[in-house]
Amino acid sequence: MTKMIGKSVKRVEDKRFITGKGQYTDDIILPNMVYAHFVRSPYAHAKILSVDTAEALAHPGVIAVYTGADVAEVNGVPCGWQVNFKSGETMKEPKHPLLVVNKARHAGDAVAVVIAESKEAARDAVDLVEVDYEELDAVVDPKKAAEDGAPLVHEDAPNNICFDWELGNPKEEVDAAIAGSAHVTTLEFANQRVIPNAIEPRSYIGDYDVAHDKYTLYTSTQNPHLIRLLLCAFVLGIPEHKVRVVSKDVGGGFGSKIFHYAEEALVTWIAKELGRPVKWTADRSEAFLTDAHGRDHVTKAEMGFDEEGNITGLRIKTYAAMGGYLSTFAPAVPTYLHGTLLQGLYTTPKIHVDVVATFTHTCAVDAYRGAGRPEATYLLERMLDTAALEMGMDPAELRFKNFIPAFNGVDEEGYVTNVALQYDSGNYHPVLQRALEMVGYEDFRKEQAAARENGKLLGIGFSTYIEACGIAPSAVVGALGARAGLFEVSQVRVQPTGMVSVYTGAHSHGQGHETTFAQVVADKFGIPLEHVDIVHGDSDSVAFGMGTYGSRSLAVGGSALVKSIEKVIEKGTKIAAHVLEAAEDDLEFADGKWTVKGTDKSIGFGDVSLTAYVPHNYPAGLEPGLDFSSFYDPTNFTYPFGAHIAIVEVDKDTGKVSLKRFIAVDDVGNVINPMIVDGQIHGGVVQGVGQAMFEQAHYDEDGQLITGSYMDYAMPRADDIPMIETDRTTTPCPHNPLGVKGAGEAGAIGSTPAVVNAVMDALSPFGVKNLSMPLTSESVWRAMNS
Amino acid sequence: MIPAAFDYQKASSVEEAVGLLKEHGMDAKILAGGHSLIPAMKLRLNQPGILIDISGISELNGIKVDGNTLVIGANTTHGAIAKSAEVASSAPVLAATAGVIGDVQIRNKGTIGGSIAHADPAADWPAALIACNSSIEVMGSGGSRTIAAADFFVGIYETALEDGEVIVAIHVPKVPGTAGSAYEKFFQPASRFAIVGCAAVLEMKDNFCTSARVAFTGVADTAFLDEKVSAALENQTLDDATIKAASELAASDAEILGDHFASEEYRQHLAKVFAERAIRAAIANA
């Protein structure tokens with residue numbers, strides 16, 4: 001049997017996707033189904049004086065119109081992570097109602113919902129709902145929101161502050177370290193707000209079966225079980241065993257489909273009210289306005305160095321937007337997913353990070369590919385390249401000088417940071433070394449110098465990142481405020497014929513689990529890949545799960561899978577020993593069969609499976625069947641790392657930046673399917689390049705989203721991106737059975753600062769050190785001409 | 001994205017389309033490739049009561065050479081123009097322009113007549129058509145007439161078409177073999193429309209320019225012939241200094257647009273850069 005792990009097996013799920021046979025929520029049509037369309041606030045901040053639904057109700061095909069008053073008694077959407085103020089006071093957690101009652105808090109806030117026999121009638125009737133608004137002043141900038149006199153998003157959150165928070169060494173120690181530094185690099189910048197832009201808009205169907213008193217929610221989510229928990233226990237107060245959540249094919253999430261959205265709860269609630277299934281699918285404008293956005297930090301960072309270029313200290317103050325309401329994991333993103341990563345790959349002895357989370361009159365902000373770690377990496381890597389420039393040092397050398405020495409996490413301790421983490425295993429020099437070789441660093445510097453002579457602006461930028469994946473040890477995150485455990489669940493059901501059905505709580509919305517998980521199973525059992533089926537995304541068939549985000553699927557879900565596989569093999573060994581009339585210790589399991597060591601006596605996986613279900617000749621006292629479930633709670637995060645290098649050219653005449661080369665050397669631990677990992681790296685890199693060069697959720701001062709369509713929101717396109725040159729080193733994770741670390745977010749974390757650093761390098765002859773993202777042609781042109 | 005309800009009628013001849021327009025008046029909209037109108041309808045920025053589909057009218061489709069004139073039917077797609085041998089030999093700048101419109105899907109579906117009737121201020125066609133001294137043949141209930149391209153584009157989404165008129169064809173005088181022409185475009189990164197598009201058609205005798213037409217799109221409310229730049233090139237030997245001096249005049253009389261991709265100041269600067277690029281490219285392929 002050929003080994004499957006480590007092979008670029010083509011994705012088994014792609015057949016249905018490329019033939020148009022995927023089943024997304026919007027593809028599901030239930031008998032008697034009705035359609036919802038939302039009335040949304042055109043204003044970022046407005047009093048709702050009245051809502052008149054009479055004309056809409058009279059429109060042909062309209063069945064009902066619900067307003068905030070109708071759902072005033074229903075709970076709001078909960079937040080899944082609690083971060084306390086420095087003072088110990090609980091964070092401000094205003095109600096996030098399913099429909100707003102008397103105030104809209106961001107453009108697109110849901111004021112009412114029309115239910116009709118057709119999508120068309122629902123849409124038409126939306127225009128007939130008369131809402132009388134009194135527009136109020138808005139605040140959209142996370143730092144300005146905290147200023148005295150700023151318009152308040154929630155009356156019970158003074159200065160719009162949701163919480164303030166700090167982490168690291170005592171502030172006085174960090175102040176002293178920086179004060180005593182030979183050089184201090186200071187940068188102030190924004191990590192701008194971006195919009196996730198999953199290709200499939202959010203889509204939900206609520207259904208209620210009166211005969212069984214049972215609800216079904218079909219939803220485009222990344223974590224069906226978590227949605228069920230939040231929906232049942234927090235919003236609607238219905239028993240969990242009476243709710244099925246189905247999340248079949250999902251067309252991308254990038255984080256934005258982790259969260260529990262008000263529309264999910266509403267369609268479920270209305271389905272029972274009306275006794276008919278209710279479907280809502282966001283249109284693209286709604287996706288821009290209401291899918292939780294990402295990033296939106298305003299930061300001041302100071303990094304101290306001694307005379308040799310060793311980092312002495314790092315001090316950070318960040319204002320992070322929460323938006324108009326707290327989304328499910330919003331408080332965790334700028335704190336425990338950002339502050340904890342500020343050690344980076346460096347031995348920085350003193351670190352202090354101070355975060356103020358503010359409400360703004362904007363769409364909610366939550367985890368978006370990388371979630372906090374890109375913000376941390378952007379900060380550190382911009383500091384490193386800027387410091388190198390200021391101190392006249394080579395940016396690669398400055399990194400080598402400050403890297404944490406290698407440790408394998410097995411016979412060498414994991415590295416304990418100043419910001420609450422212990423890295424699992426790491427070997428940082430080789431990734432940067434390899435990236436420098438690939439780029440041909442010395443030759444490039446010569447080419448750059450020659451190009452400058454000819455008036456051509458070339459630049460090179462570096463980024464060496466670390467991230468925390470494999471989210472997460474439940475006890476650790478619980479201590480940090482998570483209101484959920486972050487284990488994962490698997491069930492391996494060996495069928496009587498030896499075919500294997502795997503039920504996983506991880507959820508694939510582009511990651512290719514049906515292939516990678518099957519590769520693991522096929523290898524461990526020594527059976528063909530085709531004998532394995534991976535089932536996910538249905539709370540009635542999958543026992544439990546915490547879903548997919550934070551590059552956790554293989555590290556946590558894959559580990560749960562291995563546990564169940566091991567249980568099957570253990571029981572199979574008992575059955576095989578009985579049939580072969582041998583002692584268990586005398587058997588070995590390999591290549592799909594149990595063999596009595598040193599003999600040719602053996603029994604295959606299929607025969608053992610059949611015996612388990614037809615237990616005529618069977619060990620006494622052993623239960624029939626071959627079907628095991630496992631929960632796996634990781635003992636630590638996993639810590640992938642890597643080195644990214646970008647080469648850009650800046651057009652002197654127009655300021656246009658062209659990305660000429662991109663080198664990504666990543667260490668994601670062991671790799672199950674290299675093709676899928678390459679794809680994840682490519683996609684992540686492009687998304688990170690998008691933030692550096694193109695993307696921005698641009699709200700004007702009144703809180704109107706200026707970039708609310710693809711005519712105005714610039715996304716990277718194929719012709720903006722060169723061939724991405726990838727390589728890997730392998731430092732296995734020491735604490736999970738597959739030795740895997742996670743690859744879903746690495747590209748997006750590493751790439752953004754590499755591109756920005758490269759542009760700053762290209763612009764260094766102009767004395768430009770700091771520009772806001774995205775690096776638009778105009779901003780670059782202005783920098784060259786100011 | 002659901003448009004408001006509308007009626008739909010497919011016309012089989014220009015006369016029928018004109019008749020339907022007369023019958024339905026302001027309530028009607030002509031549907032050609034649908035690549036501007038349909039998105040506007042989905043956003044409910046446009047809510048016509050009836051669409052008159054002209055896409056099946058064969059007389060509106062196709063490219064032919066009539067003596068010294070290239071005639072492009074209004075229904076001809078951007079893609080067909082980009083690939084046409086007649087266009088490549090008679091007015092190569094139009095083929096170049098067609099090739100940088102949108103993406104492949106848009107070029108294969110969107111039509112030249114639909115695009116110019118929509119008159120997006122950032123569309124690519126207007127600059128090239130003006131630089132080529134084209135004229136637009138239109139038909140209304142009173143018969144047909146032609147409008148010079150330079151007069152056709154009146155404002156943002158506004159043309160010289162009278163109510164009830166349908167665009168039939170675009171007439172382009174063959175660009176002489178001694179001429180050089182080019183269309184240079186600075187792409188808006190989201191929409192890929194032109195932040196600045198500059199078309200230059202220069203008739204050359206060796207290095208001497210006997211006639212120049214330089215036109216812009218994207219810069220102002222409407223595309224325009226830049227008379228100052230054109231005059232600074234005409235009857236001049238096009239040396240470096242002349243080209244630079246002419247380019248410096250770019251869009252100097254225009255009321256420049258500003259948006260979050262390009263401020264007025266930056267657009268003005270880009271107009272100069274792209275004037276120079278278009279002029280140099282035109283000279284290079286003369």
# chains A, B, ... in the order shown; residues from 1 in each chain; ligands from 1
>>> closest_atom_pairs(of="chain B", to="chain A", cutoff="12 Å", atoms="only C-alpha atoms", output="CSV")
residue,atom,partner,partner_atom,distance
B:Met1,CA,A:Asp283,CA,5.5
B:Ile2,CA,A:Glu120,CA,6.5
B:Pro3,CA,A:Glu120,CA,8.1
B:Ala4,CA,A:Asp124,CA,6.8
B:Ala5,CA,A:Glu120,CA,8.2
B:Phe6,CA,A:Glu120,CA,11.7
B:Ser36,CA,A:Met711,CA,11.7
B:Pro39,CA,A:Met711,CA,10.8
B:Ala40,CA,A:Met711,CA,11.8
B:Lys42,CA,A:Asp283,CA,10.1
B:Leu43,CA,A:Ser285,CA,8.7
B:Arg44,CA,A:Asp124,CA,10.2
B:Gln47,CA,A:Asp124,CA,11.7
B:Gly102,CA,A:Met711,CA,11.4
B:Asp103,CA,A:Arg717,CA,11.0
B:Ala122,CA,A:Met711,CA,11.7
B:Lys185,CA,A:Thr654,CA,11.6
B:Phe186,CA,A:Thr654,CA,8.8
B:Phe187,CA,A:Lys656,CA,10.1
B:Gln188,CA,A:Ala714,CA,8.5
B:Pro189,CA,A:Ala714,CA,5.6
B:Ala190,CA,A:Ala714,CA,3.8
B:Ser191,CA,A:Met711,CA,4.4
B:Arg192,CA,A:Met711,CA,8.2
B:Phe193,CA,A:Met711,CA,8.8
B:Ala194,CA,A:Met711,CA,11.8
B:Ile195,CA,A:Ser777,CA,11.2
B:Val196,CA,A:Thr654,CA,11.2
B:Gly258,CA,A:Glu778,CA,11.6
B:Asp259,CA,A:Asp712,CA,10.0
B:His260,CA,A:Ile706,CA,8.5
B:Phe261,CA,A:Glu778,CA,7.4
B:Ala262,CA,A:Glu778,CA,6.4
B:Ser263,CA,A:Glu778,CA,8.0
B:Glu264,CA,A:Glu778,CA,10.8
B:Glu265,CA,A:Glu778,CA,9.7
B:Tyr266,CA,A:Glu778,CA,6.6
B:Arg267,CA,A:Glu778,CA,9.1
B:Gln268,CA,A:Thr654,CA,11.3
B:His269,CA,A:Thr654,CA,8.3
B:Leu270,CA,A:Thr654,CA,6.7
B:Ala271,CA,A:Thr654,CA,10.2
B:Lys272,CA,A:Asp653,CA,9.8
B:Val273,CA,A:Asp653,CA,6.7
B:Phe274,CA,A:Thr654,CA,9.3
B:Glu276,CA,A:Asp653,CA,10.8
B:Arg277,CA,A:Asp653,CA,10.5
>>> write_last_selection(atoms="N, CA and C atoms", output="short mmCIF file (atom, residue, chain, number, x, y, z; two decimals), in the first residue's frame")
data_model
loop_
_atom_site.label_atom_id
_atom_site.label_comp_id
_atom_site.auth_asym_id
_atom_site.auth_seq_id
_atom_site.Cartn_x
_atom_site.Cartn_y
_atom_site.Cartn_z
N MET B 1 -29.63 40.78 -4.68
CA MET B 1 -29.62 41.81 -5.72
C MET B 1 -30.73 41.51 -6.71
N ILE B 2 -31.91 41.97 -6.38
CA ILE B 2 -33.07 41.64 -7.20
C ILE B 2 -33.61 42.92 -7.80
N PRO B 3 -33.68 43.01 -9.15
CA PRO B 3 -34.20 44.24 -9.75
C PRO B 3 -35.71 44.37 -9.53
N ALA B 4 -36.20 45.57 -9.68
CA ALA B 4 -37.65 45.77 -9.65
C ALA B 4 -38.26 45.08 -10.87
N ALA B 5 -39.53 44.73 -10.77
CA ALA B 5 -40.20 44.03 -11.87
C ALA B 5 -40.16 44.88 -13.14
N PHE B 6 -40.02 44.21 -14.27
CA PHE B 6 -40.03 44.93 -15.54
C PHE B 6 -40.58 44.03 -16.62
N SER B 36 -23.80 47.09 -18.10
CA SER B 36 -23.94 48.28 -17.26
C SER B 36 -25.35 48.36 -16.70
N PRO B 39 -26.47 45.49 -13.72
CA PRO B 39 -26.03 45.80 -12.35
C PRO B 39 -26.77 47.01 -11.76
N ALA B 40 -26.99 48.03 -12.60
CA ALA B 40 -27.69 49.22 -12.09
C ALA B 40 -29.12 48.86 -11.68
N LYS B 42 -30.08 45.83 -10.68
CA LYS B 42 -30.01 45.01 -9.47
C LYS B 42 -29.86 45.88 -8.22
N LEU B 43 -29.15 46.97 -8.36
CA LEU B 43 -29.00 47.90 -7.23
C LEU B 43 -30.19 48.84 -7.12
N ARG B 44 -31.12 48.68 -8.04
CA ARG B 44 -32.33 49.52 -8.12
C ARG B 44 -32.00 51.00 -8.32
N GLN B 47 -34.80 51.62 -12.66
CA GLN B 47 -35.96 50.74 -12.57
C GLN B 47 -36.88 50.94 -13.78
N GLY B 102 -12.52 45.87 -19.09
CA GLY B 102 -13.01 44.84 -18.17
C GLY B 102 -12.16 43.59 -18.17
N ASP B 103 -12.83 42.45 -18.24
CA ASP B 103 -12.14 41.18 -18.31
C ASP B 103 -12.75 40.37 -19.46
N ALA B 122 -15.79 57.02 -16.91
CA ALA B 122 -14.51 56.33 -16.84
C ALA B 122 -14.40 55.21 -17.87
N LYS B 185 -3.76 53.51 -20.44
CA LYS B 185 -4.80 53.55 -19.41
C LYS B 185 -4.21 53.30 -18.03
N PHE B 186 -4.64 54.07 -17.07
CA PHE B 186 -4.31 53.80 -15.68
C PHE B 186 -5.56 53.20 -15.03
N PHE B 187 -5.44 51.95 -14.63
CA PHE B 187 -6.61 51.20 -14.19
C PHE B 187 -7.03 51.58 -12.78
N GLN B 188 -8.33 51.75 -12.59
CA GLN B 188 -8.85 51.82 -11.22
C GLN B 188 -8.77 50.39 -10.69
N PRO B 189 -8.13 50.18 -9.53
CA PRO B 189 -7.82 48.81 -9.14
C PRO B 189 -9.04 47.94 -8.83
N ALA B 190 -10.15 48.52 -8.42
CA ALA B 190 -11.33 47.71 -8.12
C ALA B 190 -12.13 47.42 -9.39
N SER B 191 -12.55 48.46 -10.09
CA SER B 191 -13.46 48.29 -11.22
C SER B 191 -12.73 48.00 -12.51
N ARG B 192 -11.48 48.35 -12.57
CA ARG B 192 -10.65 48.27 -13.79
C ARG B 192 -11.16 49.20 -14.89
N PHE B 193 -12.04 50.13 -14.53
CA PHE B 193 -12.32 51.23 -15.44
C PHE B 193 -11.07 52.14 -15.46
N ALA B 194 -11.13 53.21 -16.26
CA ALA B 194 -9.97 54.09 -16.37
C ALA B 194 -10.02 55.18 -15.30
N ILE B 195 -8.96 55.29 -14.50
CA ILE B 195 -8.81 56.51 -13.70
C ILE B 195 -8.42 57.62 -14.67
N VAL B 196 -7.51 57.26 -15.56
CA VAL B 196 -7.19 58.12 -16.70
C VAL B 196 -6.98 57.22 -17.90
N GLY B 258 -12.53 63.93 -8.69
CA GLY B 258 -11.76 63.37 -7.57
C GLY B 258 -12.59 62.32 -6.85
N ASP B 259 -11.95 61.24 -6.43
CA ASP B 259 -12.65 60.22 -5.64
C ASP B 259 -11.63 59.55 -4.74
N HIS B 260 -12.04 58.49 -4.04
CA HIS B 260 -11.10 57.93 -3.06
C HIS B 260 -9.97 57.14 -3.69
N PHE B 261 -10.01 56.91 -4.98
CA PHE B 261 -8.86 56.29 -5.64
C PHE B 261 -7.89 57.32 -6.19
N ALA B 262 -8.40 58.48 -6.58
CA ALA B 262 -7.53 59.49 -7.18
C ALA B 262 -8.13 60.88 -6.95
N SER B 263 -7.40 61.71 -6.24
CA SER B 263 -7.84 63.08 -6.02
C SER B 263 -7.73 63.87 -7.32
N GLU B 264 -8.29 65.07 -7.32
CA GLU B 264 -8.18 65.92 -8.51
C GLU B 264 -6.72 66.15 -8.89
N GLU B 265 -5.92 66.48 -7.89
CA GLU B 265 -4.51 66.81 -8.14
C GLU B 265 -3.78 65.61 -8.77
N TYR B 266 -4.03 64.44 -8.20
CA TYR B 266 -3.35 63.24 -8.68
C TYR B 266 -3.83 62.89 -10.10
N ARG B 267 -5.14 63.04 -10.34
CA ARG B 267 -5.67 62.74 -11.68
C ARG B 267 -5.05 63.67 -12.72
N GLN B 268 -4.94 64.93 -12.35
CA GLN B 268 -4.34 65.89 -13.27
C GLN B 268 -2.91 65.46 -13.61
N HIS B 269 -2.19 65.05 -12.56
CA HIS B 269 -0.82 64.58 -12.78
C HIS B 269 -0.81 63.36 -13.69
N LEU B 270 -1.75 62.42 -13.40
CA LEU B 270 -1.80 61.20 -14.23
C LEU B 270 -2.14 61.52 -15.68
N ALA B 271 -2.97 62.54 -15.89
CA ALA B 271 -3.32 62.91 -17.26
C ALA B 271 -2.04 63.30 -18.02
N LYS B 272 -1.16 64.01 -17.36
CA LYS B 272 0.11 64.40 -18.02
C LYS B 272 0.96 63.16 -18.31
N VAL B 273 1.05 62.28 -17.30
CA VAL B 273 1.86 61.07 -17.47
C VAL B 273 1.31 60.22 -18.62
N PHE B 274 0.00 60.06 -18.64
CA PHE B 274 -0.57 59.17 -19.66
C PHE B 274 -0.67 59.84 -21.02
N GLU B 276 1.78 61.69 -22.13
CA GLU B 276 3.13 61.45 -22.63
C GLU B 276 3.29 59.99 -23.07
N ARG B 277 2.76 59.08 -22.25
CA ARG B 277 2.89 57.65 -22.61
C ARG B 277 2.15 57.35 -23.92
#
>>> residues_around(residues="stretch 239-244 of chain B", least_positions_apart="2", cutoff="10 Å", atoms="only C-alpha atoms", output="list of chain:residue names")
B:Asn207, B:Phe208, B:Val229, B:Ala232, B:Leu233, B:Gln236, B:Thr237, B:Ala246, B:Ser247, B:Glu248, B:Leu249, B:Lys272, B:Val273, B:Ala275, B:Glu276, B:Arg277, B:Ile279, B:Arg280
>>> select_by_dssp(residues="stretch 46-221 of chain B", states="helix (DSSP H, G or I)", output="PyMOL selection string")
chain B and resi 58-60+78-83+85-90+92-98+104-109+112-118+125-131+149-152
>>> write_last_selection(atoms="C-alpha atoms", output="mmCIF file, in the first residue's frame")
data_model
loop_
_atom_site.group_PDB
_atom_site.id
_atom_site.type_symbol
_atom_site.label_atom_id
_atom_site.label_comp_id
_atom_site.auth_asym_id
_atom_site.auth_seq_id
_atom_site.Cartn_x
_atom_site.Cartn_y
_atom_site.Cartn_z
ATOM 1 C CA SER B 58 -28.410 41.003 -36.713
ATOM 2 C CA GLU B 59 -28.077 44.230 -38.710
ATOM 3 C CA LEU B 60 -26.562 45.839 -35.600
ATOM 4 C CA HIS B 78 -15.634 44.495 -27.190
ATOM 5 C CA GLY B 79 -14.095 41.059 -27.662
ATOM 6 C CA ALA B 80 -15.024 40.912 -31.340
ATOM 7 C CA ILE B 81 -13.485 44.358 -31.892
ATOM 8 C CA ALA B 82 -10.308 43.382 -30.060
ATOM 9 C CA LYS B 83 -9.901 40.368 -32.348
ATOM 10 C CA ALA B 85 -8.551 41.998 -38.510
ATOM 11 C CA GLU B 86 -10.432 44.925 -40.086
ATOM 12 C CA VAL B 87 -10.127 46.965 -36.911
ATOM 13 C CA ALA B 88 -6.478 46.006 -36.483
ATOM 14 C CA SER B 89 -5.657 47.342 -39.942
ATOM 15 C CA SER B 90 -8.068 50.301 -40.166
ATOM 16 C CA PRO B 92 -5.655 49.702 -34.452
ATOM 17 C CA VAL B 93 -6.178 51.983 -31.463
ATOM 18 C CA LEU B 94 -9.739 50.683 -31.210
ATOM 19 C CA ALA B 95 -8.513 47.104 -31.021
ATOM 20 C CA ALA B 96 -6.042 48.150 -28.341
ATOM 21 C CA THR B 97 -8.804 49.891 -26.410
ATOM 22 C CA ALA B 98 -11.191 46.968 -26.679
ATOM 23 C CA VAL B 104 -12.711 38.359 -20.779
ATOM 24 C CA GLN B 105 -16.313 37.743 -19.751
ATOM 25 C CA ILE B 106 -17.180 41.423 -20.008
ATOM 26 C CA ARG B 107 -15.465 41.756 -23.377
ATOM 27 C CA ASN B 108 -17.361 38.774 -24.720
ATOM 28 C CA LYS B 109 -20.740 40.086 -23.651
ATOM 29 C CA ILE B 112 -19.664 49.070 -27.962
ATOM 30 C CA GLY B 113 -23.108 50.582 -28.509
ATOM 31 C CA GLY B 114 -24.228 49.726 -24.992
ATOM 32 C CA SER B 115 -21.085 51.133 -23.479
ATOM 33 C CA ILE B 116 -21.251 54.487 -25.235
ATOM 34 C CA ALA B 117 -24.997 54.841 -24.660
ATOM 35 C CA HIS B 118 -24.331 54.334 -20.932
ATOM 36 C CA TRP B 125 -14.363 53.771 -25.605
ATOM 37 C CA PRO B 126 -15.052 57.505 -25.561
ATOM 38 C CA ALA B 127 -11.420 58.658 -25.629
ATOM 39 C CA ALA B 128 -10.501 56.306 -28.452
ATOM 40 C CA LEU B 129 -13.593 57.138 -30.520
ATOM 41 C CA ILE B 130 -13.005 60.859 -30.124
ATOM 42 C CA ALA B 131 -9.319 60.555 -30.996
ATOM 43 C CA ALA B 149 -18.119 61.390 -31.085
ATOM 44 C CA ALA B 150 -16.681 64.602 -29.634
ATOM 45 C CA ASP B 151 -20.264 65.933 -29.343
ATOM 46 C CA PHE B 152 -21.877 62.675 -28.313
#
>>> residues_around(residues="B:Asn133", least_positions_apart="5", cutoff="12 Å", atoms="only C-alpha atoms", output="ChimeraX atom specification")
/B:69-70,91,94,126-128,147-152,170-175,199-202,211-215,224-225
>>> write_last_selection(atoms="N, CA, C and O atoms", output="short mmCIF file (atom, residue, chain, number, x, y, z; two decimals), in the first residue's frame")
data_model
loop_
_atom_site.label_atom_id
_atom_site.label_comp_id
_atom_site.auth_asym_id
_atom_site.auth_seq_id
_atom_site.Cartn_x
_atom_site.Cartn_y
_atom_site.Cartn_z
N THR B 69 -14.11 54.18 -44.57
CA THR B 69 -14.69 54.20 -43.24
C THR B 69 -14.86 52.79 -42.69
O THR B 69 -15.30 51.88 -43.40
N LEU B 70 -14.50 52.65 -41.43
CA LEU B 70 -14.74 51.41 -40.71
C LEU B 70 -16.10 51.56 -40.03
O LEU B 70 -16.34 52.56 -39.35
N ALA B 91 -8.10 50.79 -37.78
CA ALA B 91 -8.06 51.68 -36.61
C ALA B 91 -7.53 50.90 -35.42
O ALA B 91 -8.26 50.55 -34.50
N LEU B 94 -8.48 51.21 -31.73
CA LEU B 94 -9.74 50.68 -31.21
C LEU B 94 -9.57 49.24 -30.73
O LEU B 94 -10.16 48.84 -29.72
N PRO B 126 -14.90 56.12 -25.11
CA PRO B 126 -15.05 57.50 -25.56
C PRO B 126 -13.75 58.17 -26.01
O PRO B 126 -13.72 58.83 -27.06
N ALA B 127 -12.67 57.99 -25.24
CA ALA B 127 -11.42 58.66 -25.63
C ALA B 127 -10.96 58.18 -27.00
O ALA B 127 -10.57 58.98 -27.87
N ALA B 128 -11.00 56.86 -27.19
CA ALA B 128 -10.50 56.31 -28.45
C ALA B 128 -11.38 56.74 -29.63
O ALA B 128 -10.87 57.08 -30.71
N ILE B 147 -23.81 61.76 -35.22
CA ILE B 147 -23.33 62.73 -34.23
C ILE B 147 -21.83 62.51 -34.09
O ILE B 147 -21.38 61.36 -33.92
N ALA B 148 -21.05 63.54 -34.16
CA ALA B 148 -19.60 63.41 -33.95
C ALA B 148 -19.35 62.89 -32.53
O ALA B 148 -20.02 63.32 -31.58
N ALA B 149 -18.40 61.97 -32.42
CA ALA B 149 -18.12 61.39 -31.09
C ALA B 149 -17.79 62.49 -30.09
O ALA B 149 -18.19 62.41 -28.91
N ALA B 150 -17.08 63.53 -30.54
CA ALA B 150 -16.68 64.60 -29.63
C ALA B 150 -17.89 65.34 -29.08
O ALA B 150 -17.82 65.97 -28.03
N ASP B 151 -19.03 65.28 -29.82
CA ASP B 151 -20.26 65.93 -29.34
C ASP B 151 -21.21 64.97 -28.64
O ASP B 151 -22.21 65.39 -28.06
N PHE B 152 -20.92 63.68 -28.78
CA PHE B 152 -21.88 62.67 -28.31
C PHE B 152 -21.91 62.57 -26.79
O PHE B 152 -22.96 62.40 -26.18
N ILE B 170 -21.08 52.74 -35.32
CA ILE B 170 -20.03 53.73 -35.12
C ILE B 170 -19.22 53.77 -36.42
O ILE B 170 -18.78 52.73 -36.92
N HIS B 171 -19.07 54.98 -36.93
CA HIS B 171 -18.31 55.16 -38.18
C HIS B 171 -16.95 55.75 -37.83
O HIS B 171 -16.87 56.78 -37.18
N VAL B 172 -15.91 55.04 -38.27
CA VAL B 172 -14.56 55.48 -37.92
C VAL B 172 -13.77 55.69 -39.20
O VAL B 172 -13.59 54.74 -39.98
N PRO B 173 -13.32 56.93 -39.46
CA PRO B 173 -12.47 57.13 -40.63
C PRO B 173 -11.21 56.28 -40.48
O PRO B 173 -10.64 56.24 -39.39
N LYS B 174 -10.85 55.59 -41.55
CA LYS B 174 -9.63 54.77 -41.47
C LYS B 174 -8.46 55.62 -41.03
O LYS B 174 -8.25 56.72 -41.56
N VAL B 175 -7.73 55.13 -40.09
CA VAL B 175 -6.52 55.84 -39.66
C VAL B 175 -5.46 55.61 -40.74
O VAL B 175 -5.20 54.46 -41.11
N ALA B 199 -6.10 58.49 -25.38
CA ALA B 199 -5.94 57.96 -26.73
C ALA B 199 -5.27 59.04 -27.58
O ALA B 199 -5.64 60.21 -27.51
N ALA B 200 -4.28 58.62 -28.34
CA ALA B 200 -3.59 59.57 -29.23
C ALA B 200 -3.55 59.00 -30.64
O ALA B 200 -3.22 57.83 -30.83
N VAL B 201 -3.94 59.82 -31.62
CA VAL B 201 -3.81 59.44 -33.02
C VAL B 201 -2.99 60.55 -33.68
O VAL B 201 -3.41 61.71 -33.73
N LEU B 202 -1.81 60.19 -34.13
CA LEU B 202 -0.88 61.18 -34.68
C LEU B 202 -0.53 60.80 -36.12
O LEU B 202 -0.04 59.70 -36.37
N SER B 211 -0.89 65.95 -38.05
CA SER B 211 -2.22 66.06 -37.44
C SER B 211 -2.21 65.29 -36.13
O SER B 211 -1.65 64.19 -36.06
N ALA B 212 -2.81 65.86 -35.11
CA ALA B 212 -2.81 65.18 -33.80
C ALA B 212 -4.20 65.27 -33.18
O ALA B 212 -4.84 66.32 -33.20
N ARG B 213 -4.64 64.15 -32.66
CA ARG B 213 -5.87 64.14 -31.86
C ARG B 213 -5.59 63.35 -30.59
O ARG B 213 -5.37 62.15 -30.62
N VAL B 214 -5.59 64.05 -29.48
CA VAL B 214 -5.34 63.42 -28.18
C VAL B 214 -6.60 63.61 -27.33
O VAL B 214 -7.07 64.74 -27.18
N ALA B 215 -7.15 62.52 -26.85
CA ALA B 215 -8.41 62.60 -26.10
C ALA B 215 -8.29 61.83 -24.79
O ALA B 215 -7.52 60.87 -24.68
N PHE B 224 -13.14 63.90 -23.53
CA PHE B 224 -12.99 65.12 -24.33
C PHE B 224 -11.73 65.06 -25.18
O PHE B 224 -10.77 64.36 -24.85
N LEU B 225 -11.80 65.81 -26.29
CA LEU B 225 -10.61 66.01 -27.13
C LEU B 225 -9.79 67.10 -26.46
O LEU B 225 -10.30 68.18 -26.17
#
